[in-house]
$ cat data27.pdb   # PDB, C-alpha atoms and all ligand atoms
ATOM      1  CA  MET A   1     -13.531   8.701  15.190
ATOM      2  CA  THR A   2     -12.776   5.264  13.771
ATOM      3  CA  PRO A   3      -9.912   5.551  11.280
ATOM      4  CA  ARG A   4     -10.587   4.103   7.844
ATOM      5  CA  ILE A   5      -7.660   2.190   6.429
ATOM      6  CA  LEU A   6      -7.234   0.717   2.976
ATOM      7  CA  VAL A   7      -4.943  -2.322   2.865
ATOM      8  CA  LEU A   8      -3.350  -2.997  -0.472
ATOM      9  CA  PRO A   9      -0.888  -5.748  -1.448
ATOM     10  CA  GLY A  10       1.373  -4.868  -4.372
ATOM     11  CA  SER A  11       1.300  -8.359  -5.847
ATOM     12  CA  ASN A  12      -1.277 -10.314  -7.840
ATOM     13  CA  ARG A  13       0.756 -13.530  -7.673
ATOM     14  CA  THR A  14      -1.086 -16.702  -6.678
ATOM     15  CA  GLY A  15       0.041 -17.457  -3.127
ATOM     16  CA  SER A  16       1.586 -13.983  -2.744
ATOM     17  CA  PHE A  17       3.458 -13.480   0.550
ATOM     18  CA  ASN A  18       2.502  -9.816   0.472
ATOM     19  CA  ALA A  19      -1.152 -10.741   0.114
ATOM     20  CA  SER A  20      -0.700 -12.946   3.208
ATOM     21  CA  LEU A  21       0.936 -10.032   4.991
ATOM     22  CA  ALA A  22      -1.920  -7.752   3.928
ATOM     23  CA  ALA A  23      -4.373 -10.247   5.437
ATOM     24  CA  ALA A  24      -2.391 -10.360   8.706
ATOM     25  CA  ALA A  25      -2.168  -6.544   8.763
ATOM     26  CA  SER A  26      -5.936  -6.286   8.216
ATOM     27  CA  VAL A  27      -6.633  -8.530  11.207
ATOM     28  CA  GLU A  28      -4.189  -6.512  13.336
ATOM     29  CA  LEU A  29      -5.610  -3.142  12.244
ATOM     30  CA  ALA A  30      -9.183  -4.272  12.849
ATOM     31  CA  GLY A  31      -8.150  -5.670  16.241
ATOM     32  CA  GLN A  32      -6.750  -2.261  17.115
ATOM     33  CA  GLY A  33     -10.055  -0.598  16.227
ATOM     34  CA  ALA A  34      -9.664   0.498  12.604
ATOM     35  CA  ASP A  35     -12.304   0.228   9.928
ATOM     36  CA  VAL A  36     -10.396  -1.907   7.386
ATOM     37  CA  ASN A  37     -10.937  -2.392   3.689
ATOM     38  CA  ARG A  38      -8.569  -4.843   1.966
ATOM     39  CA  ILE A  39      -8.477  -4.861  -1.802
ATOM     40  CA  SER A  40      -6.567  -6.658  -4.548
ATOM     41  CA  LEU A  41      -5.142  -5.051  -7.666
ATOM     42  CA  VAL A  42      -6.436  -8.110  -9.555
ATOM     43  CA  ASP A  43      -9.768  -6.302  -9.496
ATOM     44  CA  TYR A  44      -8.301  -3.082 -10.948
ATOM     45  CA  PRO A  45      -6.277  -3.987 -14.068
ATOM     46  CA  LEU A  46      -4.498  -0.999 -15.575
ATOM     47  CA  PRO A  47      -2.533  -0.403 -18.777
ATOM     48  CA  LEU A  48       1.084   0.726 -18.449
ATOM     49  CA  VAL A  49       1.265   4.409 -17.679
ATOM     50  CA  ASP A  50       1.342   6.251 -20.972
ATOM     51  CA  GLU A  51       0.908  10.004 -21.314
ATOM     52  CA  ASP A  52      -0.297   9.700 -24.916
ATOM     53  CA  LEU A  53      -2.989   7.275 -23.737
ATOM     54  CA  LYS A  54      -3.914   9.660 -20.917
ATOM     55  CA  ASN A  55      -4.148  12.605 -23.330
ATOM     56  CA  GLU A  56      -6.253  10.611 -25.806
ATOM     57  CA  SER A  57      -8.559   8.700 -23.442
ATOM     58  CA  GLY A  58      -8.141  10.290 -20.030
ATOM     59  CA  ILE A  59      -7.369   8.511 -16.772
ATOM     60  CA  PRO A  60      -8.462   4.815 -16.953
ATOM     61  CA  GLU A  61     -11.677   4.079 -15.064
ATOM     62  CA  ASN A  62      -9.903   1.624 -12.732
ATOM     63  CA  ALA A  63      -7.348   4.291 -11.765
ATOM     64  CA  MET A  64     -10.243   6.673 -10.992
ATOM     65  CA  LYS A  65     -11.928   3.937  -8.928
ATOM     66  CA  LEU A  66      -8.698   3.370  -6.992
ATOM     67  CA  GLY A  67      -8.216   7.109  -6.555
ATOM     68  CA  ARG A  68     -11.719   7.516  -5.111
ATOM     69  CA  LEU A  69     -11.164   4.526  -2.846
ATOM     70  CA  ILE A  70      -7.831   5.882  -1.583
ATOM     71  CA  ALA A  71      -9.342   9.320  -0.953
ATOM     72  CA  ALA A  72     -12.226   7.749   0.988
ATOM     73  CA  HIS A  73      -9.764   6.376   3.559
ATOM     74  CA  ASP A  74      -7.611   8.129   6.128
ATOM     75  CA  GLY A  75      -4.671   5.822   5.616
ATOM     76  CA  VAL A  76      -3.251   3.214   3.296
ATOM     77  CA  PHE A  77      -1.277   0.140   4.374
ATOM     78  CA  LEU A  78       0.901  -0.995   1.474
ATOM     79  CA  CYS A  79       2.440  -4.468   1.363
ATOM     80  CA  CYS A  80       5.244  -4.267  -1.158
ATOM     81  CA  PRO A  81       7.223  -7.043  -2.828
ATOM     82  CA  GLU A  82      10.877  -6.224  -3.469
ATOM     83  CA  TYR A  83      12.059  -6.548  -7.059
ATOM     84  CA  ASN A  84      15.793  -6.045  -7.549
ATOM     85  CA  SER A  85      15.992  -4.030  -4.340
ATOM     86  CA  SER A  86      13.195  -1.754  -5.450
ATOM     87  CA  ILE A  87       9.498  -1.230  -6.153
ATOM     88  CA  PRO A  88       7.678  -3.782  -8.357
ATOM     89  CA  PRO A  89       6.078  -2.541 -11.581
ATOM     90  CA  LEU A  90       2.492  -3.495 -10.636
ATOM     91  CA  LEU A  91       2.638  -1.231  -7.588
ATOM     92  CA  LYS A  92       4.582   1.595  -9.256
ATOM     93  CA  ASN A  93       2.196   1.621 -12.221
ATOM     94  CA  MET A  94      -0.825   1.916  -9.929
ATOM     95  CA  ILE A  95       0.817   4.681  -7.866
ATOM     96  CA  ASP A  96       1.768   6.557 -11.040
ATOM     97  CA  TRP A  97      -1.712   6.382 -12.598
ATOM     98  CA  VAL A  98      -3.334   7.614  -9.385
ATOM     99  CA  SER A  99      -0.739  10.412  -9.170
ATOM    100  CA  LEU A 100      -1.873  11.662 -12.598
ATOM    101  CA  ILE A 101      -5.414  12.307 -11.339
ATOM    102  CA  LYS A 102      -6.010  16.028 -10.920
ATOM    103  CA  LYS A 103      -9.804  16.247 -11.185
ATOM    104  CA  ASP A 104     -12.952  14.255 -10.583
ATOM    105  CA  GLY A 105     -15.489  15.861 -12.904
ATOM    106  CA  ASP A 106     -15.130  19.599 -12.288
ATOM    107  CA  ARG A 107     -13.701  19.129  -8.805
ATOM    108  CA  ALA A 108      -9.971  19.390  -8.081
ATOM    109  CA  PHE A 109      -8.952  15.946  -6.854
ATOM    110  CA  LYS A 110      -5.596  14.544  -5.731
ATOM    111  CA  PRO A 111      -6.210  11.148  -4.138
ATOM    112  CA  TRP A 112      -2.769  10.716  -2.561
ATOM    113  CA  ALA A 113      -2.553  14.181  -1.004
ATOM    114  CA  GLY A 114      -2.476  14.059   2.761
ATOM    115  CA  ARG A 115      -3.061  10.309   3.124
ATOM    116  CA  TYR A 116      -1.059   8.588   5.839
ATOM    117  CA  VAL A 117       0.779   5.540   4.515
ATOM    118  CA  ALA A 118       2.380   2.593   6.289
ATOM    119  CA  LEU A 119       4.802   0.299   4.477
ATOM    120  CA  ALA A 120       5.440  -3.398   4.892
ATOM    121  CA  SER A 121       7.142  -6.043   2.814
ATOM    122  CA  ALA A 122       7.485  -9.794   2.678
ATOM    123  CA  SER A 123      10.121 -11.821   0.900
ATOM    124  CA  ASN A 124      11.466 -15.301   1.273
ATOM    125  CA  GLY A 125      14.948 -13.758   1.513
ATOM    126  CA  LYS A 126      16.753 -12.852   4.730
ATOM    127  CA  LEU A 127      16.057  -9.107   4.524
ATOM    128  CA  GLY A 128      12.314  -9.477   4.023
ATOM    129  CA  GLY A 129      12.211  -6.964   1.172
ATOM    130  CA  ILE A 130      13.220  -4.040   3.376
ATOM    131  CA  ARG A 131      15.587  -2.580   0.752
ATOM    132  CA  GLY A 132      12.651  -2.029  -1.602
ATOM    133  CA  LEU A 133      10.771  -0.051   1.037
ATOM    134  CA  TYR A 134      13.387   2.711   0.849
ATOM    135  CA  HIS A 135      12.312   3.292  -2.757
ATOM    136  CA  VAL A 136       8.590   2.926  -2.052
ATOM    137  CA  ARG A 137       8.946   5.478   0.753
ATOM    138  CA  SER A 138      10.601   7.952  -1.573
ATOM    139  CA  VAL A 139       7.913   7.510  -4.256
ATOM    140  CA  MET A 140       5.058   7.831  -1.754
ATOM    141  CA  MET A 141       6.534  11.010  -0.307
ATOM    142  CA  ASN A 142       6.857  12.405  -3.817
ATOM    143  CA  VAL A 143       3.133  11.871  -4.523
ATOM    144  CA  GLY A 144       2.186  13.823  -1.413
ATOM    145  CA  THR A 145       1.448  11.185   1.202
ATOM    146  CA  GLN A 146       2.753  11.206   4.774
ATOM    147  CA  VAL A 147       4.723   7.997   5.179
ATOM    148  CA  ILE A 148       5.030   6.907   8.786
ATOM    149  CA  THR A 149       8.426   5.920  10.171
ATOM    150  CA  GLU A 150       7.434   2.498  11.508
ATOM    151  CA  GLN A 151       7.472  -0.319   8.986
ATOM    152  CA  CYS A 152       7.491  -4.087   8.938
ATOM    153  CA  ALA A 153       9.598  -6.528   6.912
ATOM    154  CA  VAL A 154       8.858 -10.248   6.953
ATOM    155  CA  SER A 155      11.829 -12.447   6.050
ATOM    156  CA  GLY A 156      11.673 -16.163   5.247
ATOM    157  CA  ALA A 157       8.111 -15.508   4.131
ATOM    158  CA  ALA A 158       7.418 -19.038   2.872
ATOM    159  CA  GLU A 159       7.550 -20.258   6.475
ATOM    160  CA  ALA A 160       6.515 -17.049   8.256
ATOM    161  CA  PHE A 161       2.747 -17.528   8.518
ATOM    162  CA  GLU A 162       0.675 -19.885  10.659
ATOM    163  CA  ALA A 163      -2.151 -21.789   8.968
ATOM    164  CA  ASP A 164      -4.586 -19.231  10.423
ATOM    165  CA  GLY A 165      -2.651 -16.358   8.792
ATOM    166  CA  ARG A 166      -0.899 -14.991  11.891
ATOM    167  CA  LEU A 167       2.831 -14.332  11.854
ATOM    168  CA  LYS A 168       4.781 -17.053  13.642
ATOM    169  CA  ASP A 169       7.717 -14.955  14.834
ATOM    170  CA  GLU A 170       7.050 -12.843  17.927
ATOM    171  CA  ARG A 171       9.434 -10.042  16.981
ATOM    172  CA  THR A 172       7.990  -9.699  13.466
ATOM    173  CA  SER A 173       4.484  -9.844  14.871
ATOM    174  CA  ALA A 174       5.344  -7.019  17.291
ATOM    175  CA  MET A 175       6.817  -5.008  14.408
ATOM    176  CA  LEU A 176       3.552  -5.395  12.486
ATOM    177  CA  ALA A 177       1.468  -4.456  15.534
ATOM    178  CA  ASN A 178       3.621  -1.382  16.136
ATOM    179  CA  THR A 179       3.338  -0.256  12.514
ATOM    180  CA  CYS A 180      -0.450  -0.656  12.666
ATOM    181  CA  LYS A 181      -0.610   1.216  15.962
ATOM    182  CA  SER A 182       1.331   4.160  14.582
ATOM    183  CA  LEU A 183      -0.750   4.328  11.392
ATOM    184  CA  ILE A 184      -3.964   4.295  13.424
ATOM    185  CA  ARG A 185      -2.616   7.033  15.700
ATOM    186  CA  TYR A 186      -1.821   9.345  12.774
ATOM    187  CA  CYS A 187      -5.111   8.580  11.018
ATOM    188  CA  THR A 188      -7.067   9.253  14.205
ATOM    189  CA  MET A 189      -5.323  12.620  14.553
ATOM    190  CA  MET A 190      -6.253  13.409  10.939
ATOM    191  CA  SER A 191      -9.910  12.360  11.362
ATOM    192  CA  ALA A 192     -10.124  14.568  14.449
ATOM    193  CA  GLY A 193      -8.976  17.476  12.242
TER
HETATM  194  C1  LIG A 201      12.051  -9.487 -11.065
HETATM  195  C2  LIG A 201      12.139  -9.951  -9.652
HETATM  196  C3  LIG A 201      13.119  -9.432  -8.843
HETATM  197  C4  LIG A 201      13.221  -9.837  -7.498
HETATM  198  N1  LIG A 201      14.136  -9.224  -6.668
HETATM  199  C5  LIG A 201      14.135  -9.512  -5.352
HETATM  200  C6  LIG A 201      14.980  -8.797  -4.458
HETATM  201  O1  LIG A 201      15.705  -7.893  -4.815
HETATM  202  N2  LIG A 201      14.937  -9.128  -3.149
HETATM  203  C7  LIG A 201      14.102 -10.123  -2.667
HETATM  204  O2  LIG A 201      14.097 -10.367  -1.464
HETATM  205  N3  LIG A 201      13.299 -10.812  -3.504
HETATM  206  C8  LIG A 201      13.294 -10.525  -4.825
HETATM  207  N4  LIG A 201      12.457 -11.204  -5.675
HETATM  208  C9  LIG A 201      11.652 -12.310  -5.145
HETATM  209  C10 LIG A 201      10.362 -11.781  -4.595
HETATM  210  O3  LIG A 201      10.576 -11.295  -3.292
HETATM  211  C11 LIG A 201       9.362 -12.921  -4.578
HETATM  212  O4  LIG A 201       8.994 -13.231  -5.896
HETATM  213  C12 LIG A 201       8.169 -12.620  -3.733
HETATM  214  O5  LIG A 201       7.456 -13.809  -3.568
HETATM  215  C13 LIG A 201       7.321 -11.524  -4.345
HETATM  216  O6  LIG A 201       6.278 -11.151  -3.496
HETATM  217  P1  LIG A 201       4.843 -11.879  -3.528
HETATM  218  O7  LIG A 201       5.032 -13.232  -2.909
HETATM  219  O8  LIG A 201       3.967 -11.008  -2.704
HETATM  220  O9  LIG A 201       4.389 -11.992  -4.953
HETATM  221  C14 LIG A 201      12.338 -10.820  -6.990
HETATM  222  C15 LIG A 201      11.355 -11.351  -7.845
HETATM  223  C16 LIG A 201      11.250 -10.921  -9.144
HETATM  224  C17 LIG A 201      10.146 -11.466 -10.014
END

$ encode --input "data27.pdb" --output "structure tokens" --more "lines below"
Ligand SMILES: Cc1cc2nc3c(=O)[nH]c(=O)nc-3n(C[C@H](O)[C@H](O)[C@H](O)COP(=O)(O)O)c2cc1C
Amino acid sequence: MTPRILVLPGSNRTGSFNASLAAAASVELAGQGADVNRISLVDYPLPLVDEDLKNESGIPENAMKLGRLIAAHDGVFLCCPEYNSSIPPLLKNMIDWVSLIKKDGDRAFKPWAGRYVALASASNGKLGGIRGLYHVRSVMMNVGTQVITEQCAVSGAAEAFEADGRLKDERTSAMLANTCKSLIRYCTMMSAG
């Protein structure tokens, strides 16, 4: 079966390096045979997580939309900016809202449960945002996903991409390809039951 993979950059910044990385990952995943769906959180604005708001108005419609989208895929490829060595608020807020979903109508529904997740980061710094991935990994494991070991960090991100979107550096490109390969392998195993 063709694995379905949702690619999601954790930045809405104009010219985001992680959006560029998400585009490169999408090309790589598709090239390796996955059915790829790349989205932007620009299209799913959410309020700050607030339990009073949740109790008064329920889960926001955009969080439900994201939850349904996540559940409709075998795997998620997250491209995560690093903020102060950790997870940026846009991404954490989205993960938290989706983690609060327990039902869709009358049906029990936990969008993150059992999804395979691959992590990548891009930063203009020397470490490529890899320190933040430690925190993202911990959060994603806590919400019930299976985070794969392989990951990809793109350093010097301002100069890392060719005009056509490919990664310039061979080693980084191989790291991305390997991360995609592993995610596809796990997702294929899951689709096969
Ligand atoms: C509040 C804040 C904290 C940051 N902390 C880090 C950091 O710890 N390490 C790092 O490499 N870059 C850090 N940066 C720079 C980001 O990596 C940079 O803004 C990057 O472009 C964000 O990803 P994006 O291009 O996908 O939006 C920080 C940026 C902000 C706004």

$ residues_near_ligand --input "data27.pdb" --ligand "ligand LIG 201 (chain A)" --cutoff "6 Å" --atoms "all atoms listed in the file" --output "list of chain:residue names"
A:Ser11, A:Arg13, A:Ser16, A:Phe17, A:Asn18, A:Ala19, A:Pro81, A:Glu82, A:Tyr83, A:Asn84, A:Ser85, A:Ser123, A:Gly125, A:Gly128, A:Gly129

$ closest_residue --input "data27.pdb" --among "A:Leu8, A:Val139, A:Ala160, A:Val76" --to "Val117 in chain A" --atoms "only C-alpha atoms"
A:Val76

$ closest_residue --input "data27.pdb" --among "A:Asn93, A:Gln151, A:Thr188, A:Ser138" --to "Gly10 in chain A" --atoms "all atoms listed in the file"
A:Asn93

$ closest_residue --input "data27.pdb" --among "A:Ala71, A:Ile87, A:Ile130, A:Cys187" --to "Trp112 in chain A" --atoms "all atoms listed in the file"
A:Ala71

$ resolve_selection --input "data27.pdb" --expression "the PyMOL selection byres (((chain A and resi 163-177) around 10) and not hetatm)" --output "number ranges by chain"
A: 20-25, 27-29, 31-32, 119-120, 150-155, 157, 159-162, 178-183

$ closest_residue --input "data27.pdb" --among "A:Leu133, A:Leu78, A:Val49, A:Leu127" --to "Trp97 in chain A" --atoms "all atoms listed in the file"
A:Val49

$ closest_residue --input "data27.pdb" --among "A:Pro88, A:Gly33, A:Gly67, A:Pro60" --to "Asn12 in chain A" --atoms "all atoms listed in the file"
A:Pro88

$ atom_distance --input "data27.pdb" --atom1 "CA of Asn62 in chain A" --atom2 "CA of Pro45 in chain A"
6.8 Å

$ closest_residue --input "data27.pdb" --among "A:Gly105, A:Leu41, A:Pro47, A:Val136" --to "Ser86 in chain A" --atoms "all atoms listed in the file"
A:Val136

$ atom_distance --input "data27.pdb" --atom1 "CA of Asp74 in chain A" --atom2 "CA of Ile101 in chain A"
18.1 Å

$ residues_around --input "data27.pdb" --residues "Met140 in chain A" --least-positions-apart "2" --cutoff "10 Å" --atoms "only C-alpha atoms" --output "list in words"
Lys92, Ile95, Asp96, Ser99, Trp112, Ala113, Arg115, Tyr116, Val117, Ala118, Leu119, His135, Val136, Arg137, Ser138, Asn142, Val143, Gly144, Thr145, Gln146 and Val147 of chain A

$ atom_distance --input "data27.pdb" --atom1 "CA of Ser121 in chain A" --atom2 "CA of Pro9 in chain A"
9.1 Å

$ axis_aligned_box --input "data27.pdb" --around "range 129-143 of chain A" --padding-each-side "6 Å" --output "JSON"
{"center_x": 9.4, "center_y": 2.7, "center_z": -0.6, "size_x": 24.5, "size_y": 31.4, "size_z": 19.9}
